[in-house]
Amino acid sequence: MDDLRAQLEAIERMLDAGQYRPGPWAKFLRLVQNRTRDERQALAADVSRVSEKVHRRGGIRSISVTAGVALELAATALGGIFLALGVRLGSNVGVLLAAAIWVTTFEPLLKIAVGLVLGIRYDYAYLRGGEPRFKMRYGTYLVASRASRVALHLSGTVGSPLAAWLVARIAVPSLPLSGAICVIAFWALLGLNVLLFAAALAGFRRLGPVRLAISSGGVAGAELREAFGGE
């Protein structure tokens, strides 16, 4: 524990001095994730604080989690309006706009809801590509069991395929073209998530230009691989 605290303090000093370079934080997390729950609990608050400093070093602009969730819910409601109008007016464009919005919003909303159930919290939301994303309070994630961490990330693979499937179910009877496109999107999203999960489970860290650590399926696969004793 003393060694872990010393590493964490050294990382924080480098961050405060503007001298941090990628590497030490990832190494520290690999070490601390394999310690007992009591040890992880003792470090949780400090880990959350340093994790926020690591994340903010790029100068991101953030908003509260509540505001981020409100934006996601508002966008989801807008998608519902597009879907209703699209079906009523026989507009494939309206239905496909609804599908695009729901595919985007269902994933973070479902993942945050599952996180709340599992005791995993978030610090703030930030905009990337015009969409709110959510910064995990890493200490709460660290304290969670391996099964909870895997479940959290698997929940992040469900939202987008679910959204495409729901729109397809609603649209198919009256708009078979947009319904068929949504069915294709469902299988494509499902297949991509399975691929990312399987690749990480097999020990890959990248698929072409894609880092598996930035995808829910990839992180779920990596967590499960570590649980089985993989490196």
# chains A, B, ... in the order shown; residues from 1 in each chain; ligands from 1
call {"tool": "residues_around", "arguments": {"residues": "Thr36 of chain A", "least_positions_apart": "3", "cutoff": "12 Å", "atoms": "only C-alpha atoms", "output": "list in words"}}
result
Met1, Leu31, Val32, Gln33, Glu39, Arg40, Gln41, Ala42, Leu43, Leu142, Val143, Ala144, Ser145 and Arg146 of chain A
call {"tool": "write_last_selection", "arguments": {"atoms": "N, CA and C atoms", "output": "mmCIF file, in the first residue's frame"}}
result
data_model
loop_
_atom_site.group_PDB
_atom_site.id
_atom_site.type_symbol
_atom_site.label_atom_id
_atom_site.label_comp_id
_atom_site.auth_asym_id
_atom_site.auth_seq_id
_atom_site.Cartn_x
_atom_site.Cartn_y
_atom_site.Cartn_z
ATOM 1 N N MET A 1 0.828 -1.207 0.000
ATOM 2 C CA MET A 1 0.000 0.000 0.000
ATOM 3 C C MET A 1 0.863 1.258 0.000
ATOM 4 N N LEU A 31 -1.790 -2.183 -11.470
ATOM 5 C CA LEU A 31 -1.352 -2.714 -10.176
ATOM 6 C C LEU A 31 -2.477 -2.684 -9.140
ATOM 7 N N VAL A 32 -3.180 -1.569 -9.060
ATOM 8 C CA VAL A 32 -4.156 -1.395 -7.985
ATOM 9 C C VAL A 32 -5.405 -2.238 -8.221
ATOM 10 N N GLN A 33 -5.749 -2.527 -9.475
ATOM 11 C CA GLN A 33 -6.947 -3.317 -9.752
ATOM 12 C C GLN A 33 -6.846 -4.743 -9.225
ATOM 13 N N GLU A 39 -8.160 -2.692 0.180
ATOM 14 C CA GLU A 39 -7.058 -1.830 -0.251
ATOM 15 C C GLU A 39 -7.536 -0.849 -1.318
ATOM 16 N N ARG A 40 -8.355 -1.338 -2.251
ATOM 17 C CA ARG A 40 -8.883 -0.454 -3.283
ATOM 18 C C ARG A 40 -9.798 0.611 -2.683
ATOM 19 N N GLN A 41 -10.569 0.211 -1.669
ATOM 20 C CA GLN A 41 -11.459 1.155 -0.997
ATOM 21 C C GLN A 41 -10.653 2.267 -0.312
ATOM 22 N N ALA A 42 -9.547 1.893 0.286
ATOM 23 C CA ALA A 42 -8.717 2.874 0.991
ATOM 24 C C ALA A 42 -8.126 3.906 0.032
ATOM 25 N N LEU A 43 -7.930 3.526 -1.208
ATOM 26 C CA LEU A 43 -7.332 4.432 -2.186
ATOM 27 C C LEU A 43 -8.365 5.134 -3.057
ATOM 28 N N LEU A 142 -13.204 1.480 -9.347
ATOM 29 C CA LEU A 142 -12.123 0.658 -8.824
ATOM 30 C C LEU A 142 -12.591 -0.244 -7.690
ATOM 31 N N VAL A 143 -13.477 0.272 -6.842
ATOM 32 C CA VAL A 143 -13.950 -0.486 -5.692
ATOM 33 C C VAL A 143 -14.928 -1.590 -6.103
ATOM 34 N N ALA A 144 -15.618 -1.399 -7.224
ATOM 35 C CA ALA A 144 -16.611 -2.381 -7.673
ATOM 36 C C ALA A 144 -15.947 -3.727 -7.951
ATOM 37 N N SER A 145 -16.724 -4.781 -7.825
ATOM 38 C CA SER A 145 -16.207 -6.118 -8.114
ATOM 39 C C SER A 145 -15.921 -6.261 -9.604
ATOM 40 N N ARG A 146 -15.128 -7.257 -9.955
ATOM 41 C CA ARG A 146 -14.832 -7.495 -11.363
ATOM 42 C C ARG A 146 -16.121 -7.765 -12.139
#
call {"tool": "residues_around", "arguments": {"residues": "Val69 of chain A", "least_positions_apart": "4", "cutoff": "8 Å", "atoms": "only C-alpha atoms", "output": "PyMOL selection string"}}
result
chain A and resi 65+73+109
call {"tool": "closest_residue", "arguments": {"among": "A:Ile170, A:Thr104, A:Ala188, A:Arg30", "to": "Val87 of chain A", "atoms": "only C-alpha atoms"}}
result
A:Ile170
call {"tool": "closest_residue", "arguments": {"among": "A:Gly90, A:Ala26, A:Phe82, A:Arg121", "to": "Ala213 of chain A", "atoms": "only C-alpha atoms"}}
result
A:Ala26
call {"tool": "residues_around", "arguments": {"residues": "Ala151 of chain A", "least_positions_apart": "5", "cutoff": "10 Å", "atoms": "only C-alpha atoms", "output": "list in words"}}
result
Lys111, Val114, Gly115, Leu118, Ser145, Arg146, Gly156 and Ala220 of chain A
call {"tool": "residues_around", "arguments": {"residues": "Pro161 of chain A", "least_positions_apart": "3", "cutoff": "10 Å", "atoms": "only C-alpha atoms", "output": "list in words"}}
result
Trp102, Val103, Phe106, Glu107, Thr157, Val158, Ala164, Trp165, Leu166, Cys182, Val183, Ala185, Phe186, Trp187, Ala188, Leu189, Leu190, Gly191 and Asn193 of chain A
call {"tool": "write_last_selection", "arguments": {"atoms": "all heavy atoms", "output": "compact mmCIF listing (two decimals), in the first residue's frame"}}
result
# COMPACT_ATOMS: atom_id res chain seq x y z
N TRP A 102 -31.48 7.98 -31.45
CA TRP A 102 -31.59 6.97 -30.39
C TRP A 102 -30.36 6.09 -30.30
O TRP A 102 -29.95 5.70 -29.19
CB TRP A 102 -32.84 6.13 -30.62
CG TRP A 102 -34.10 6.80 -30.15
CD1 TRP A 102 -34.25 8.10 -29.76
CD2 TRP A 102 -35.39 6.20 -30.03
NE1 TRP A 102 -35.55 8.35 -29.40
CE2 TRP A 102 -36.28 7.20 -29.55
CE3 TRP A 102 -35.90 4.93 -30.28
CZ2 TRP A 102 -37.63 6.96 -29.32
CZ3 TRP A 102 -37.25 4.67 -30.06
CH2 TRP A 102 -38.10 5.69 -29.57
N VAL A 103 -29.77 5.74 -31.42
CA VAL A 103 -28.53 4.94 -31.40
C VAL A 103 -27.44 5.68 -30.62
O VAL A 103 -26.62 5.08 -29.93
CB VAL A 103 -28.08 4.63 -32.85
CG1 VAL A 103 -26.61 4.20 -32.88
CG2 VAL A 103 -28.95 3.54 -33.45
N PHE A 106 -29.12 6.18 -26.46
CA PHE A 106 -29.47 5.03 -25.62
C PHE A 106 -28.26 4.47 -24.89
O PHE A 106 -28.37 4.04 -23.74
CB PHE A 106 -30.12 3.92 -26.45
CG PHE A 106 -31.61 4.03 -26.59
CD1 PHE A 106 -32.23 5.27 -26.72
CD2 PHE A 106 -32.41 2.90 -26.60
CE1 PHE A 106 -33.60 5.38 -26.85
CE2 PHE A 106 -33.79 3.00 -26.72
CZ PHE A 106 -34.39 4.24 -26.86
N GLU A 107 -27.11 4.43 -25.54
CA GLU A 107 -25.93 3.81 -24.94
C GLU A 107 -25.51 4.50 -23.64
O GLU A 107 -25.40 3.85 -22.59
CB GLU A 107 -24.76 3.77 -25.91
CG GLU A 107 -23.50 3.18 -25.29
CD GLU A 107 -22.34 3.13 -26.26
OE1 GLU A 107 -22.55 3.32 -27.47
OE2 GLU A 107 -21.21 2.89 -25.80
N THR A 157 -22.73 -1.88 -24.45
CA THR A 157 -22.82 -2.46 -25.79
C THR A 157 -24.26 -2.72 -26.21
O THR A 157 -24.52 -3.09 -27.35
CB THR A 157 -22.04 -3.81 -25.87
OG1 THR A 157 -22.74 -4.81 -25.10
CG2 THR A 157 -20.63 -3.66 -25.33
N VAL A 158 -25.20 -2.55 -25.29
CA VAL A 158 -26.59 -2.92 -25.54
C VAL A 158 -27.40 -1.76 -26.12
O VAL A 158 -28.27 -1.96 -26.97
CB VAL A 158 -27.25 -3.41 -24.23
CG1 VAL A 158 -28.74 -3.64 -24.41
CG2 VAL A 158 -26.58 -4.70 -23.76
N ALA A 164 -31.70 0.65 -32.45
CA ALA A 164 -31.96 0.30 -33.85
C ALA A 164 -33.07 -0.74 -33.94
O ALA A 164 -33.94 -0.66 -34.83
CB ALA A 164 -30.68 -0.23 -34.49
N TRP A 165 -33.08 -1.71 -33.03
CA TRP A 165 -34.11 -2.75 -33.04
C TRP A 165 -35.48 -2.18 -32.75
O TRP A 165 -36.47 -2.54 -33.41
CB TRP A 165 -33.75 -3.82 -32.01
CG TRP A 165 -34.75 -4.93 -31.92
CD1 TRP A 165 -34.86 -6.03 -32.72
CD2 TRP A 165 -35.81 -5.05 -30.94
NE1 TRP A 165 -35.90 -6.83 -32.33
CE2 TRP A 165 -36.50 -6.25 -31.25
CE3 TRP A 165 -36.22 -4.27 -29.87
CZ2 TRP A 165 -37.60 -6.68 -30.48
CZ3 TRP A 165 -37.31 -4.69 -29.12
CH2 TRP A 165 -37.99 -5.87 -29.43
N LEU A 166 -35.58 -1.28 -31.78
CA LEU A 166 -36.86 -0.69 -31.43
C LEU A 166 -37.45 0.10 -32.60
O LEU A 166 -38.64 -0.01 -32.92
CB LEU A 166 -36.71 0.23 -30.21
CG LEU A 166 -36.62 -0.45 -28.85
CD1 LEU A 166 -36.32 0.59 -27.77
CD2 LEU A 166 -37.91 -1.19 -28.52
N CYS A 182 -32.83 -0.15 -40.49
CA CYS A 182 -32.60 -0.26 -39.04
C CYS A 182 -32.24 -1.68 -38.63
O CYS A 182 -31.44 -1.87 -37.71
CB CYS A 182 -33.83 0.24 -38.28
SG CYS A 182 -34.09 2.02 -38.38
N VAL A 183 -32.83 -2.66 -39.28
CA VAL A 183 -32.47 -4.06 -39.00
C VAL A 183 -31.00 -4.29 -39.37
O VAL A 183 -30.24 -4.93 -38.61
CB VAL A 183 -33.37 -5.03 -39.78
CG1 VAL A 183 -32.82 -6.46 -39.72
CG2 VAL A 183 -34.78 -5.00 -39.23
N ALA A 185 -28.71 -2.01 -39.45
CA ALA A 185 -27.92 -1.28 -38.44
C ALA A 185 -27.83 -2.08 -37.15
O ALA A 185 -26.77 -2.11 -36.50
CB ALA A 185 -28.55 0.08 -38.18
N PHE A 186 -28.93 -2.71 -36.75
CA PHE A 186 -28.93 -3.53 -35.54
C PHE A 186 -27.87 -4.63 -35.63
O PHE A 186 -27.05 -4.79 -34.71
CB PHE A 186 -30.31 -4.16 -35.33
CG PHE A 186 -30.32 -5.30 -34.35
CD1 PHE A 186 -30.25 -5.06 -32.98
CD2 PHE A 186 -30.35 -6.62 -34.79
CE1 PHE A 186 -30.24 -6.10 -32.07
CE2 PHE A 186 -30.34 -7.67 -33.89
CZ PHE A 186 -30.29 -7.42 -32.52
N TRP A 187 -27.88 -5.38 -36.72
CA TRP A 187 -26.91 -6.48 -36.85
C TRP A 187 -25.48 -5.96 -36.97
O TRP A 187 -24.54 -6.58 -36.45
CB TRP A 187 -27.26 -7.36 -38.04
CG TRP A 187 -28.45 -8.22 -37.77
CD1 TRP A 187 -29.69 -8.13 -38.32
CD2 TRP A 187 -28.52 -9.32 -36.84
NE1 TRP A 187 -30.54 -9.08 -37.81
CE2 TRP A 187 -29.83 -9.84 -36.90
CE3 TRP A 187 -27.61 -9.90 -35.98
CZ2 TRP A 187 -30.25 -10.91 -36.12
CZ3 TRP A 187 -28.01 -10.98 -35.20
CH2 TRP A 187 -29.31 -11.47 -35.28
N ALA A 188 -25.30 -4.81 -37.64
CA ALA A 188 -23.96 -4.24 -37.78
C ALA A 188 -23.42 -3.80 -36.42
O ALA A 188 -22.26 -4.08 -36.08
CB ALA A 188 -23.99 -3.07 -38.75
N LEU A 189 -24.26 -3.12 -35.64
CA LEU A 189 -23.82 -2.66 -34.31
C LEU A 189 -23.57 -3.84 -33.38
O LEU A 189 -22.59 -3.86 -32.63
CB LEU A 189 -24.89 -1.74 -33.71
CG LEU A 189 -25.04 -0.37 -34.39
CD1 LEU A 189 -26.34 0.30 -33.97
CD2 LEU A 189 -23.85 0.51 -34.06
N LEU A 190 -24.45 -4.83 -33.43
CA LEU A 190 -24.26 -6.02 -32.60
C LEU A 190 -22.97 -6.74 -32.98
O LEU A 190 -22.18 -7.13 -32.11
CB LEU A 190 -25.47 -6.95 -32.75
CG LEU A 190 -25.48 -8.20 -31.87
CD1 LEU A 190 -25.56 -7.82 -30.39
CD2 LEU A 190 -26.65 -9.10 -32.25
N GLY A 191 -22.75 -6.90 -34.27
CA GLY A 191 -21.54 -7.58 -34.73
C GLY A 191 -20.28 -6.84 -34.35
O GLY A 191 -19.28 -7.45 -33.96
N ASN A 193 -19.85 -4.81 -31.76
CA ASN A 193 -19.62 -4.95 -30.32
C ASN A 193 -19.08 -6.34 -29.98
O ASN A 193 -18.20 -6.47 -29.12
CB ASN A 193 -20.91 -4.67 -29.56
CG ASN A 193 -21.22 -3.20 -29.44
OD1 ASN A 193 -20.33 -2.39 -29.23
ND2 ASN A 193 -22.48 -2.83 -29.59
call {"tool": "select_by_dssp", "arguments": {"residues": "segment 46-194 of chain A", "states": "helix (DSSP H, G or I)", "output": "ChimeraX atom specification"}}
result
/A:46-56,65-89,92-118,138-143,146-155,159-171,176-194
call {"tool": "decode", "arguments": {"residues": "segment 8-48 of chain A", "atoms": "N, CA and C atoms", "output": "CSV table (one decimal), in the first residue's frame"}}
result
chain,number,residue,atom,x,y,z
A,8,LEU,N,1.0,7.0,-6.6
A,8,LEU,CA,-0.1,7.9,-6.9
A,8,LEU,C,0.3,9.3,-6.6
A,9,GLU,N,1.0,9.6,-5.5
A,9,GLU,CA,1.5,10.9,-5.1
A,9,GLU,C,2.5,11.4,-6.2
A,10,ALA,N,3.3,10.6,-6.7
A,10,ALA,CA,4.3,11.0,-7.7
A,10,ALA,C,3.5,11.4,-9.0
A,11,ILE,N,2.5,10.7,-9.4
A,11,ILE,CA,1.7,11.0,-10.5
A,11,ILE,C,1.1,12.3,-10.3
A,12,GLU,N,0.5,12.6,-9.2
A,12,GLU,CA,-0.2,13.8,-8.9
A,12,GLU,C,0.8,15.0,-8.9
A,13,ARG,N,1.9,14.8,-8.4
A,13,ARG,CA,2.9,15.9,-8.4
A,13,ARG,C,3.3,16.3,-9.9
A,14,MET,N,3.5,15.2,-10.7
A,14,MET,CA,3.8,15.5,-12.1
A,14,MET,C,2.7,16.2,-12.8
A,15,LEU,N,1.4,15.8,-12.5
A,15,LEU,CA,0.3,16.5,-13.1
A,15,LEU,C,0.2,18.0,-12.6
A,16,ASP,N,0.4,18.2,-11.3
A,16,ASP,CA,0.3,19.6,-10.8
A,16,ASP,C,1.4,20.5,-11.4
A,17,ALA,N,2.5,19.8,-11.7
A,17,ALA,CA,3.7,20.6,-12.2
A,17,ALA,C,3.6,20.7,-13.8
A,18,GLY,N,2.6,20.1,-14.4
A,18,GLY,CA,2.5,20.1,-15.8
A,18,GLY,C,3.6,19.2,-16.5
A,19,GLN,N,4.1,18.3,-15.8
A,19,GLN,CA,5.2,17.5,-16.3
A,19,GLN,C,4.8,16.0,-16.6
A,20,TYR,N,3.5,15.7,-16.5
A,20,TYR,CA,3.1,14.3,-16.7
A,20,TYR,C,3.1,13.9,-18.2
A,21,ARG,N,3.6,12.7,-18.4
A,21,ARG,CA,3.6,12.1,-19.7
A,21,ARG,C,2.9,10.7,-19.6
A,22,PRO,N,2.1,10.3,-20.6
A,22,PRO,CA,1.4,9.0,-20.5
A,22,PRO,C,2.2,7.9,-20.2
A,23,GLY,N,1.6,6.9,-19.4
A,23,GLY,CA,2.3,5.7,-19.0
A,23,GLY,C,2.2,5.4,-17.5
A,24,PRO,N,2.6,6.3,-16.6
A,24,PRO,CA,2.5,5.9,-15.2
A,24,PRO,C,1.1,5.7,-14.6
A,25,TRP,N,0.2,6.4,-15.1
A,25,TRP,CA,-1.2,6.2,-14.6
A,25,TRP,C,-1.8,4.8,-15.0
A,26,ALA,N,-1.6,4.5,-16.3
A,26,ALA,CA,-2.0,3.1,-16.7
A,26,ALA,C,-1.3,2.0,-16.0
A,27,LYS,N,0.0,2.2,-15.7
A,27,LYS,CA,0.7,1.2,-14.9
A,27,LYS,C,0.2,1.1,-13.5
A,28,PHE,N,-0.1,2.2,-12.9
A,28,PHE,CA,-0.7,2.3,-11.5
A,28,PHE,C,-2.0,1.5,-11.5
A,29,LEU,N,-2.9,1.8,-12.5
A,29,LEU,CA,-4.2,1.2,-12.5
A,29,LEU,C,-4.1,-0.3,-12.6
A,30,ARG,N,-3.2,-0.8,-13.4
A,30,ARG,CA,-3.0,-2.3,-13.6
A,30,ARG,C,-2.6,-2.9,-12.2
A,31,LEU,N,-1.8,-2.2,-11.5
A,31,LEU,CA,-1.4,-2.7,-10.2
A,31,LEU,C,-2.5,-2.7,-9.1
A,32,VAL,N,-3.2,-1.6,-9.1
A,32,VAL,CA,-4.2,-1.4,-8.0
A,32,VAL,C,-5.4,-2.2,-8.2
A,33,GLN,N,-5.7,-2.5,-9.5
A,33,GLN,CA,-6.9,-3.3,-9.8
A,33,GLN,C,-6.8,-4.7,-9.2
A,34,ASN,N,-5.6,-5.2,-9.0
A,34,ASN,CA,-5.4,-6.6,-8.5
A,34,ASN,C,-5.3,-6.7,-7.0
A,35,ARG,N,-5.4,-5.6,-6.3
A,35,ARG,CA,-5.4,-5.6,-4.9
A,35,ARG,C,-6.7,-5.9,-4.3
A,36,THR,N,-6.7,-6.2,-2.9
A,36,THR,CA,-8.0,-6.6,-2.3
A,36,THR,C,-9.0,-5.4,-2.3
A,37,ARG,N,-10.2,-5.7,-2.1
A,37,ARG,CA,-11.3,-4.7,-2.1
A,37,ARG,C,-11.0,-3.6,-1.0
A,38,ASP,N,-10.6,-4.1,0.2
A,38,ASP,CA,-10.3,-3.1,1.2
A,38,ASP,C,-9.2,-2.2,0.8
A,39,GLU,N,-8.2,-2.7,0.2
A,39,GLU,CA,-7.1,-1.8,-0.3
A,39,GLU,C,-7.5,-0.8,-1.3
A,40,ARG,N,-8.4,-1.3,-2.3
A,40,ARG,CA,-8.9,-0.5,-3.3
A,40,ARG,C,-9.8,0.6,-2.7
A,41,GLN,N,-10.6,0.2,-1.7
A,41,GLN,CA,-11.5,1.2,-1.0
A,41,GLN,C,-10.7,2.3,-0.3
A,42,ALA,N,-9.5,1.9,0.3
A,42,ALA,CA,-8.7,2.9,1.0
A,42,ALA,C,-8.1,3.9,0.0
A,43,LEU,N,-7.9,3.5,-1.2
A,43,LEU,CA,-7.3,4.4,-2.2
A,43,LEU,C,-8.4,5.1,-3.1
A,44,ALA,N,-9.6,4.8,-2.9
A,44,ALA,CA,-10.7,5.2,-3.9
A,44,ALA,C,-10.8,6.7,-4.0
A,45,ALA,N,-10.8,7.4,-2.9
A,45,ALA,CA,-11.0,8.9,-3.0
A,45,ALA,C,-9.8,9.5,-3.7
A,46,ASP,N,-8.6,9.1,-3.4
A,46,ASP,CA,-7.4,9.7,-4.0
A,46,ASP,C,-7.3,9.3,-5.5
A,47,VAL,N,-7.7,8.1,-5.8
A,47,VAL,CA,-7.7,7.7,-7.2
A,47,VAL,C,-8.7,8.5,-8.0
A,48,SER,N,-9.9,8.8,-7.4
A,48,SER,CA,-10.9,9.6,-8.2
A,48,SER,C,-10.3,11.0,-8.4
